[in-house]
>>> print(open('structure_26.pdb').read())   # PDB, C-alpha atoms and all ligand atoms
MODEL        1
ATOM      1  CA  MET A   1      -3.102 -11.741   4.951  1.00  0.00           C
ATOM      2  CA  TYR A   2       0.558 -11.361   3.917  1.00  0.00           C
ATOM      3  CA  ASP A   3       0.433 -14.516   1.794  1.00  0.00           C
ATOM      4  CA  TRP A   4      -2.917 -13.551   0.272  1.00  0.00           C
ATOM      5  CA  ILE A   5      -1.747 -10.027  -0.639  1.00  0.00           C
ATOM      6  CA  ALA A   6       1.580 -11.351  -2.038  1.00  0.00           C
ATOM      7  CA  GLY A   7      -0.244 -13.874  -4.249  1.00  0.00           C
ATOM      8  CA  ARG A   8       2.077 -15.515  -6.772  1.00  0.00           C
ATOM      9  CA  LEU A   9       4.901 -13.130  -5.782  1.00  0.00           C
ATOM     10  CA  SER A  10       5.042 -14.639  -2.267  1.00  0.00           C
ATOM     11  CA  LEU A  11       8.564 -15.340  -1.032  1.00  0.00           C
ATOM     12  CA  GLY A  12       7.347 -18.291   1.064  1.00  0.00           C
ATOM     13  CA  LYS A  13       4.435 -19.494   3.158  1.00  0.00           C
ATOM     14  CA  SER A  14       3.740 -17.831   6.533  1.00  0.00           C
ATOM     15  CA  VAL A  15       3.244 -20.175   9.503  1.00  0.00           C
ATOM     16  CA  PHE A  16       2.367 -19.839  13.182  1.00  0.00           C
ATOM     17  CA  VAL A  17       5.066 -21.395  15.398  1.00  0.00           C
ATOM     18  CA  SER A  18       4.283 -22.819  18.844  1.00  0.00           C
ATOM     19  CA  ARG A  19       6.061 -21.550  21.957  1.00  0.00           C
ATOM     20  CA  LYS A  20       8.003 -24.838  22.154  1.00  0.00           C
ATOM     21  CA  GLU A  21       9.120 -24.638  18.518  1.00  0.00           C
ATOM     22  CA  THR A  22      10.010 -20.927  18.846  1.00  0.00           C
ATOM     23  CA  LEU A  23      12.285 -21.714  21.798  1.00  0.00           C
ATOM     24  CA  LYS A  24      13.833 -24.592  19.839  1.00  0.00           C
ATOM     25  CA  GLN A  25      14.526 -22.361  16.799  1.00  0.00           C
ATOM     26  CA  LEU A  26      15.669 -19.319  18.828  1.00  0.00           C
ATOM     27  CA  PRO A  27      17.159 -20.744  22.050  1.00  0.00           C
ATOM     28  CA  GLY A  28      18.487 -17.316  23.110  1.00  0.00           C
ATOM     29  CA  ILE A  29      15.068 -15.602  23.076  1.00  0.00           C
ATOM     30  CA  LYS A  30      13.588 -14.213  26.330  1.00  0.00           C
ATOM     31  CA  GLN A  31      11.027 -16.789  27.569  1.00  0.00           C
ATOM     32  CA  GLU A  32       8.993 -14.541  29.884  1.00  0.00           C
ATOM     33  CA  GLY A  33       5.533 -13.830  28.373  1.00  0.00           C
ATOM     34  CA  LEU A  34       6.400 -15.682  25.159  1.00  0.00           C
ATOM     35  CA  GLN A  35       3.267 -17.114  23.502  1.00  0.00           C
ATOM     36  CA  GLY A  36       4.818 -18.329  20.259  1.00  0.00           C
ATOM     37  CA  GLY A  37       5.987 -16.929  16.964  1.00  0.00           C
ATOM     38  CA  VAL A  38       5.110 -16.318  13.351  1.00  0.00           C
ATOM     39  CA  LEU A  39       7.490 -17.270  10.562  1.00  0.00           C
ATOM     40  CA  TYR A  40       7.121 -15.130   7.473  1.00  0.00           C
ATOM     41  CA  HIS A  41       9.238 -13.828   4.625  1.00  0.00           C
ATOM     42  CA  ASP A  42       9.714 -10.153   3.949  1.00  0.00           C
ATOM     43  CA  GLY A  43      11.141  -8.180   1.072  1.00  0.00           C
ATOM     44  CA  GLN A  44      12.897  -4.857   0.881  1.00  0.00           C
ATOM     45  CA  PHE A  45      12.360  -1.984  -1.496  1.00  0.00           C
ATOM     46  CA  ASP A  46      13.201   1.689  -1.896  1.00  0.00           C
ATOM     47  CA  ASP A  47      10.072   3.461  -0.670  1.00  0.00           C
ATOM     48  CA  SER A  48      11.275   6.976  -1.562  1.00  0.00           C
ATOM     49  CA  ARG A  49      11.809   5.734  -5.157  1.00  0.00           C
ATOM     50  CA  LEU A  50       8.269   4.331  -5.150  1.00  0.00           C
ATOM     51  CA  ALA A  51       6.920   7.742  -4.060  1.00  0.00           C
ATOM     52  CA  ILE A  52       8.827   9.486  -6.860  1.00  0.00           C
ATOM     53  CA  ASN A  53       7.667   6.931  -9.472  1.00  0.00           C
ATOM     54  CA  LEU A  54       4.107   7.422  -8.261  1.00  0.00           C
ATOM     55  CA  ALA A  55       4.437  11.205  -8.673  1.00  0.00           C
ATOM     56  CA  GLN A  56       5.912  10.687 -12.174  1.00  0.00           C
ATOM     57  CA  SER A  57       3.003   8.417 -13.164  1.00  0.00           C
ATOM     58  CA  ILE A  58       0.502  11.028 -11.948  1.00  0.00           C
ATOM     59  CA  VAL A  59       2.179  13.746 -14.056  1.00  0.00           C
ATOM     60  CA  GLU A  60       2.464  11.420 -17.096  1.00  0.00           C
ATOM     61  CA  ASN A  61      -1.269  10.785 -16.882  1.00  0.00           C
ATOM     62  CA  GLY A  62      -2.175  14.469 -16.764  1.00  0.00           C
ATOM     63  CA  GLY A  63      -2.400  14.860 -12.990  1.00  0.00           C
ATOM     64  CA  PHE A  64      -0.998  17.615 -10.807  1.00  0.00           C
ATOM     65  CA  VAL A  65       1.160  16.730  -7.799  1.00  0.00           C
ATOM     66  CA  LEU A  66       1.323  18.900  -4.689  1.00  0.00           C
ATOM     67  CA  ASN A  67       3.655  18.167  -1.808  1.00  0.00           C
ATOM     68  CA  TYR A  68       3.609  19.666   1.705  1.00  0.00           C
ATOM     69  CA  ALA A  69      -0.046  20.497   1.216  1.00  0.00           C
ATOM     70  CA  ALA A  70      -2.693  19.528   3.761  1.00  0.00           C
ATOM     71  CA  VAL A  71      -6.423  19.261   3.235  1.00  0.00           C
ATOM     72  CA  THR A  72      -7.871  21.275   6.117  1.00  0.00           C
ATOM     73  CA  GLY A  73     -11.511  21.292   5.070  1.00  0.00           C
ATOM     74  CA  LEU A  74     -13.994  19.993   2.501  1.00  0.00           C
ATOM     75  CA  THR A  75     -16.522  22.117   0.644  1.00  0.00           C
ATOM     76  CA  LYS A  76     -20.090  21.176  -0.315  1.00  0.00           C
ATOM     77  CA  ASN A  77     -22.676  22.403  -2.826  1.00  0.00           C
ATOM     78  CA  GLU A  78     -26.168  23.586  -1.931  1.00  0.00           C
ATOM     79  CA  LYS A  79     -27.354  19.948  -1.933  1.00  0.00           C
ATOM     80  CA  GLY A  80     -24.760  19.079   0.709  1.00  0.00           C
ATOM     81  CA  GLN A  81     -22.633  17.067  -1.760  1.00  0.00           C
ATOM     82  CA  LEU A  82     -18.849  17.331  -1.582  1.00  0.00           C
ATOM     83  CA  ASN A  83     -17.465  19.499  -4.368  1.00  0.00           C
ATOM     84  CA  GLY A  84     -13.954  20.444  -3.322  1.00  0.00           C
ATOM     85  CA  ALA A  85     -11.346  20.919  -0.641  1.00  0.00           C
ATOM     86  CA  ILE A  86      -9.447  23.633   1.147  1.00  0.00           C
ATOM     87  CA  ILE A  87      -5.710  23.062   0.898  1.00  0.00           C
ATOM     88  CA  VAL A  88      -2.987  24.773   2.888  1.00  0.00           C
ATOM     89  CA  ASP A  89       0.428  24.952   1.221  1.00  0.00           C
ATOM     90  CA  ALA A  90       2.801  24.574   4.162  1.00  0.00           C
ATOM     91  CA  GLU A  91       5.792  25.931   2.205  1.00  0.00           C
ATOM     92  CA  LYS A  92       4.079  29.155   1.106  1.00  0.00           C
ATOM     93  CA  SER A  93       1.699  29.428   4.085  1.00  0.00           C
ATOM     94  CA  ALA A  94      -1.051  29.954   1.525  1.00  0.00           C
ATOM     95  CA  SER A  95      -4.584  28.542   1.479  1.00  0.00           C
ATOM     96  CA  TYR A  96      -6.438  27.460  -1.686  1.00  0.00           C
ATOM     97  CA  GLN A  97      -9.905  26.217  -2.484  1.00  0.00           C
ATOM     98  CA  VAL A  98      -9.990  23.570  -5.217  1.00  0.00           C
ATOM     99  CA  LYS A  99     -13.054  22.164  -6.995  1.00  0.00           C
ATOM    100  CA  ALA A 100     -13.410  18.402  -7.492  1.00  0.00           C
ATOM    101  CA  ARG A 101     -15.951  16.012  -9.008  1.00  0.00           C
ATOM    102  CA  ALA A 102     -14.600  13.201  -6.829  1.00  0.00           C
ATOM    103  CA  ILE A 103     -12.465  13.148  -3.678  1.00  0.00           C
ATOM    104  CA  VAL A 104     -10.434  10.114  -2.638  1.00  0.00           C
ATOM    105  CA  ASN A 105      -9.603  10.023   1.045  1.00  0.00           C
ATOM    106  CA  ALA A 106      -6.352   8.012   1.034  1.00  0.00           C
ATOM    107  CA  THR A 107      -4.770   9.466   4.151  1.00  0.00           C
ATOM    108  CA  GLY A 108      -3.782   6.216   5.854  1.00  0.00           C
ATOM    109  CA  VAL A 109      -4.117   6.331   9.651  1.00  0.00           C
ATOM    110  CA  PHE A 110      -5.394   9.932   9.350  1.00  0.00           C
ATOM    111  CA  VAL A 111      -8.404   8.827   7.298  1.00  0.00           C
ATOM    112  CA  ASP A 112     -10.875   9.579  10.111  1.00  0.00           C
ATOM    113  CA  ASN A 113      -9.649  13.182  10.474  1.00  0.00           C
ATOM    114  CA  VAL A 114     -10.606  13.847   6.842  1.00  0.00           C
ATOM    115  CA  LEU A 115     -13.827  11.830   7.162  1.00  0.00           C
ATOM    116  CA  LYS A 116     -14.867  14.128  10.019  1.00  0.00           C
ATOM    117  CA  MET A 117     -14.368  17.151   7.735  1.00  0.00           C
ATOM    118  CA  ASP A 118     -17.298  15.730   5.723  1.00  0.00           C
ATOM    119  CA  ASP A 119     -19.370  14.433   8.633  1.00  0.00           C
ATOM    120  CA  ALA A 120     -18.418  15.686  12.107  1.00  0.00           C
ATOM    121  CA  GLY A 121     -20.319  12.768  13.662  1.00  0.00           C
ATOM    122  CA  ALA A 122     -18.574  10.049  11.601  1.00  0.00           C
ATOM    123  CA  GLY A 123     -17.422   7.109  13.700  1.00  0.00           C
ATOM    124  CA  GLN A 124     -13.894   5.814  13.973  1.00  0.00           C
ATOM    125  CA  THR A 125     -12.946   3.444  11.128  1.00  0.00           C
ATOM    126  CA  VAL A 126      -9.223   2.951  11.741  1.00  0.00           C
ATOM    127  CA  VAL A 127      -7.521   1.985  14.989  1.00  0.00           C
ATOM    128  CA  ALA A 128      -3.784   2.592  15.034  1.00  0.00           C
ATOM    129  CA  SER A 129      -1.542  -0.262  16.141  1.00  0.00           C
ATOM    130  CA  GLN A 130       2.160  -0.398  16.631  1.00  0.00           C
ATOM    131  CA  GLY A 131       4.919  -2.962  16.293  1.00  0.00           C
ATOM    132  CA  ILE A 132       8.634  -2.902  15.672  1.00  0.00           C
ATOM    133  CA  HIS A 133      10.982  -4.292  13.070  1.00  0.00           C
ATOM    134  CA  LEU A 134      14.116  -5.598  14.789  1.00  0.00           C
ATOM    135  CA  VAL A 135      17.065  -6.449  12.562  1.00  0.00           C
ATOM    136  CA  VAL A 136      19.475  -8.886  14.182  1.00  0.00           C
ATOM    137  CA  ASP A 137      22.759 -10.358  13.064  1.00  0.00           C
ATOM    138  CA  LYS A 138      22.218 -13.609  11.153  1.00  0.00           C
ATOM    139  CA  ASN A 139      24.169 -15.436  13.883  1.00  0.00           C
ATOM    140  CA  PHE A 140      21.015 -15.177  16.031  1.00  0.00           C
ATOM    141  CA  ILE A 141      19.100 -17.286  13.512  1.00  0.00           C
ATOM    142  CA  PRO A 142      19.601 -21.051  13.065  1.00  0.00           C
ATOM    143  CA  PRO A 143      21.608 -21.832   9.874  1.00  0.00           C
ATOM    144  CA  HIS A 144      18.666 -23.447   8.021  1.00  0.00           C
ATOM    145  CA  MET A 145      16.613 -20.222   8.343  1.00  0.00           C
ATOM    146  CA  ARG A 146      19.223 -17.741   7.120  1.00  0.00           C
TER     147      ARG A 146
HETATM  148  C1  LIG A 201       7.559   1.930  10.561  1.00  0.00           C
HETATM  149  C2  LIG A 201       6.577   1.272   9.598  1.00  0.00           C
HETATM  150  C3  LIG A 201       6.966   0.131   8.903  1.00  0.00           C
HETATM  151  C4  LIG A 201       6.104  -0.471   8.009  1.00  0.00           C
HETATM  152  N1  LIG A 201       6.531  -1.577   7.333  1.00  0.00           N
HETATM  153  C5  LIG A 201       5.724  -2.153   6.440  1.00  0.00           C
HETATM  154  C6  LIG A 201       6.170  -3.291   5.696  1.00  0.00           C
HETATM  155  O1  LIG A 201       7.288  -3.755   5.853  1.00  0.00           O
HETATM  156  N2  LIG A 201       5.322  -3.835   4.799  1.00  0.00           N
HETATM  157  C7  LIG A 201       4.062  -3.327   4.598  1.00  0.00           C
HETATM  158  O2  LIG A 201       3.324  -3.868   3.768  1.00  0.00           O
HETATM  159  N3  LIG A 201       3.615  -2.274   5.296  1.00  0.00           N
HETATM  160  C8  LIG A 201       4.407  -1.675   6.201  1.00  0.00           C
HETATM  161  N4  LIG A 201       3.963  -0.598   6.923  1.00  0.00           N
HETATM  162  C9  LIG A 201       2.581  -0.167   6.719  1.00  0.00           C
HETATM  163  C10 LIG A 201       2.464   0.689   5.472  1.00  0.00           C
HETATM  164  O3  LIG A 201       3.409   1.738   5.513  1.00  0.00           O
HETATM  165  C11 LIG A 201       1.058   1.273   5.415  1.00  0.00           C
HETATM  166  O4  LIG A 201       0.111   0.232   5.492  1.00  0.00           O
HETATM  167  C12 LIG A 201       0.850   2.022   4.107  1.00  0.00           C
HETATM  168  O5  LIG A 201       1.800   3.039   3.972  1.00  0.00           O
HETATM  169  C13 LIG A 201      -0.543   2.629   4.061  1.00  0.00           C
HETATM  170  O6  LIG A 201      -0.662   3.289   2.809  1.00  0.00           O
HETATM  171  P1  LIG A 201      -1.702   4.409   2.596  1.00  0.00           P
HETATM  172  O7  LIG A 201      -1.472   4.945   1.216  1.00  0.00           O
HETATM  173  O8  LIG A 201      -3.058   3.906   2.966  1.00  0.00           O
HETATM  174  O9  LIG A 201      -1.357   5.534   3.681  1.00  0.00           O
HETATM  175  P2  LIG A 201      -0.013   6.358   3.918  1.00  0.00           P
HETATM  176  O10 LIG A 201       1.162   5.725   3.239  1.00  0.00           O
HETATM  177  O11 LIG A 201       0.055   6.613   5.393  1.00  0.00           O
HETATM  178  O12 LIG A 201      -0.297   7.713   3.151  1.00  0.00           O
HETATM  179  C14 LIG A 201      -1.230   8.663   3.640  1.00  0.00           C
HETATM  180  C15 LIG A 201      -0.746  10.036   3.200  1.00  0.00           C
HETATM  181  O13 LIG A 201      -1.775  10.985   3.463  1.00  0.00           O
HETATM  182  C16 LIG A 201      -1.163  12.170   3.939  1.00  0.00           C
HETATM  183  N5  LIG A 201      -2.172  12.917   4.689  1.00  0.00           N
HETATM  184  C17 LIG A 201      -2.717  12.645   5.901  1.00  0.00           C
HETATM  185  N6  LIG A 201      -3.617  13.578   6.252  1.00  0.00           N
HETATM  186  C18 LIG A 201      -3.623  14.475   5.221  1.00  0.00           C
HETATM  187  C19 LIG A 201      -4.349  15.675   4.996  1.00  0.00           C
HETATM  188  N7  LIG A 201      -5.229  16.177   5.858  1.00  0.00           N
HETATM  189  N8  LIG A 201      -4.105  16.358   3.843  1.00  0.00           N
HETATM  190  C20 LIG A 201      -3.199  15.898   2.932  1.00  0.00           C
HETATM  191  N9  LIG A 201      -2.502  14.757   3.090  1.00  0.00           N
HETATM  192  C21 LIG A 201      -2.715  14.063   4.235  1.00  0.00           C
HETATM  193  C22 LIG A 201      -0.007  11.688   4.797  1.00  0.00           C
HETATM  194  O14 LIG A 201       0.944  12.724   4.946  1.00  0.00           O
HETATM  195  C23 LIG A 201       0.509  10.530   3.939  1.00  0.00           C
HETATM  196  O15 LIG A 201       1.442  10.964   2.994  1.00  0.00           O
HETATM  197  C24 LIG A 201       4.803   0.049   7.819  1.00  0.00           C
HETATM  198  C25 LIG A 201       4.402   1.210   8.511  1.00  0.00           C
HETATM  199  C26 LIG A 201       5.277   1.807   9.405  1.00  0.00           C
HETATM  200  C27 LIG A 201       4.833   3.086  10.136  1.00  0.00           C
ENDMDL
END
>>> encode(input="structure_26.pdb", output="structure tokens")
Amino acid sequence: MYDWIAGRLSLGKSVFVSRKETLKQLPGIKQEGLQGGVLYHDGQFDDSRLAINLAQSIVENGGFVLNYAAVTGLTKNEKGQLNGAIIVDAEKSASYQVKARAIVNATGVFVDNVLKMDDAGAGQTVVASQGIHLVVDKNFIPPHMR
């Protein structure tokens, strides 16, 4: 998936590594429960800058940006079609009702909470998972992989 999403900007091909090869490459790694490894390349970027650039692009294109504002409910017309949202401004403790022709639910792992505001019986579409990013000194990595 990483390679496919990266497309031509990929930093290198991702490969599954057997348990034997993982132990060969990282001799100091804990062996208990080890199944194998995945070798992939990752980049680094300034995510707060990305958020600000995104906000700038919205404003440049005539949009209105609201921060610290949660959608707490969705409104519907007499035909039962969505036509707006109720927004609570956390900084002013104020509640607003806004009208909308279209609503995009882009709330990441919270997507189902908003979906249920439309349809209380909606099933679960996203299952949260967790992992960790562990940054180690390059001395832990064999020279040819640094
Ligand atoms: C620690 C960590 C490290 C990660 N590292 C990487 C990585 O290296 N590479 C990578 O590709 N991905 C990484 N990810 C995954 C990546 O961050 C997510 O896949 C991505 O942010 C999802 O984008 P999104 O726009 O769908 O949702 P999000 O970025 O989660 O945005 C959803 C937004 O909706 C808002 N929201 C939620 N509910 C409401 C509501 N009711 N009303 C108003 N707003 C609401 C939230 O506050 C949030 O701002 C990482 C994630 C974590 C947690």
>>> closest_atom_pairs(input="structure_26.pdb", of="chain A", to="ligand LIG 201 (chain A)", cutoff="6 Å", atoms="all atoms listed in the file", output="Markdown table")
| residue | atom | partner | partner_atom | distance |
| --- | --- | --- | --- | --- |
| A:Ala69 | CA | A:LIG201 | C20 | 5.8 |
| A:Ala70 | CA | A:LIG201 | N8 | 3.5 |
| A:Val71 | CA | A:LIG201 | N8 | 3.8 |
| A:Thr72 | CA | A:LIG201 | N7 | 5.7 |
| A:Ala106 | CA | A:LIG201 | O8 | 5.6 |
| A:Thr107 | CA | A:LIG201 | O13 | 3.4 |
| A:Gly108 | CA | A:LIG201 | O9 | 3.3 |
| A:Val109 | CA | A:LIG201 | O11 | 6.0 |
| A:Phe110 | CA | A:LIG201 | N6 | 5.1 |
| A:Val114 | CA | A:LIG201 | N7 | 5.9 |
>>> atom_distance(input="structure_26.pdb", atom1="CA of Lys24 (chain A)", atom2="CA of Gly36 (chain A)")
11.0 Å
>>> residues_around(input="structure_26.pdb", residues="Ser18 (chain A)", least_positions_apart="2", cutoff="7 Å", atoms="all atoms listed in the file", output="PyMOL selection string")
chain A and resi 16+20-22+36-37
>>> write_last_selection(input="structure_26.pdb", atoms="C-alpha atoms", output="short mmCIF file (atom, residue, chain, number, x, y, z; two decimals), in the coordinates of the input")
data_model
loop_
_atom_site.label_atom_id
_atom_site.label_comp_id
_atom_site.auth_asym_id
_atom_site.auth_seq_id
_atom_site.Cartn_x
_atom_site.Cartn_y
_atom_site.Cartn_z
CA PHE A 16 2.37 -19.84 13.18
CA LYS A 20 8.00 -24.84 22.15
CA GLU A 21 9.12 -24.64 18.52
CA THR A 22 10.01 -20.93 18.85
CA GLY A 36 4.82 -18.33 20.26
CA GLY A 37 5.99 -16.93 16.96
#
>>> residues_around(input="structure_26.pdb", residues="region 41-53 of chain A", least_positions_apart="6", cutoff="12 Å", atoms="only C-alpha atoms", output="ChimeraX atom specification")
/A:2-3,6,9-15,59-60,65,67,133,135,145-146
>>> closest_residue(input="structure_26.pdb", among="A:Val17, A:Pro27, A:Leu74, A:Tyr68", to="Asn105 (chain A)", atoms="all atoms listed in the file")
A:Leu74
>>> axis_aligned_box(input="structure_26.pdb", around="region 58-61 of chain A", padding_each_side="8 Å", output="AutoDock Vina command-line options")
--center_x 0.6 --center_y 12.3 --center_z -14.5 --size_x 19.7 --size_y 19.0 --size_z 21.1
>>> atom_distance(input="structure_26.pdb", atom1="CA of Ala122 (chain A)", atom2="CA of Ile5 (chain A)")
28.9 Å
>>> atom_distance(input="structure_26.pdb", atom1="CA of Gln124 (chain A)", atom2="CA of Gly73 (chain A)")
18.0 Å
>>> closest_residue(input="structure_26.pdb", among="A:Asp137, A:Glu32, A:Asp112, A:Leu23", to="Thr125 (chain A)", atoms="only C-alpha atoms")
A:Asp112
>>> resolve_selection(input="structure_26.pdb", expression="the PyMOL selection byres (((chain A and resi 81) around 12) and not hetatm)", output="PDB file with C-alpha atoms, keeping the file's coordinate frame")
ATOM      1  CA  LEU A  74     -13.994  19.993   2.501  1.00  0.00           C
ATOM      2  CA  THR A  75     -16.522  22.117   0.644  1.00  0.00           C
ATOM      3  CA  LYS A  76     -20.090  21.176  -0.315  1.00  0.00           C
ATOM      4  CA  ASN A  77     -22.676  22.403  -2.826  1.00  0.00           C
ATOM      5  CA  GLU A  78     -26.168  23.586  -1.931  1.00  0.00           C
ATOM      6  CA  LYS A  79     -27.354  19.948  -1.933  1.00  0.00           C
ATOM      7  CA  GLY A  80     -24.760  19.079   0.709  1.00  0.00           C
ATOM      8  CA  LEU A  82     -18.849  17.331  -1.582  1.00  0.00           C
ATOM      9  CA  ASN A  83     -17.465  19.499  -4.368  1.00  0.00           C
ATOM     10  CA  GLY A  84     -13.954  20.444  -3.322  1.00  0.00           C
ATOM     11  CA  ALA A  85     -11.346  20.919  -0.641  1.00  0.00           C
ATOM     12  CA  ALA A 100     -13.410  18.402  -7.492  1.00  0.00           C
ATOM     13  CA  ARG A 101     -15.951  16.012  -9.008  1.00  0.00           C
ATOM     14  CA  ALA A 102     -14.600  13.201  -6.829  1.00  0.00           C
ATOM     15  CA  ILE A 103     -12.465  13.148  -3.678  1.00  0.00           C
ATOM     16  CA  ASP A 118     -17.298  15.730   5.723  1.00  0.00           C
ATOM     17  CA  ASP A 119     -19.370  14.433   8.633  1.00  0.00           C
TER      18      ASP A 119
END
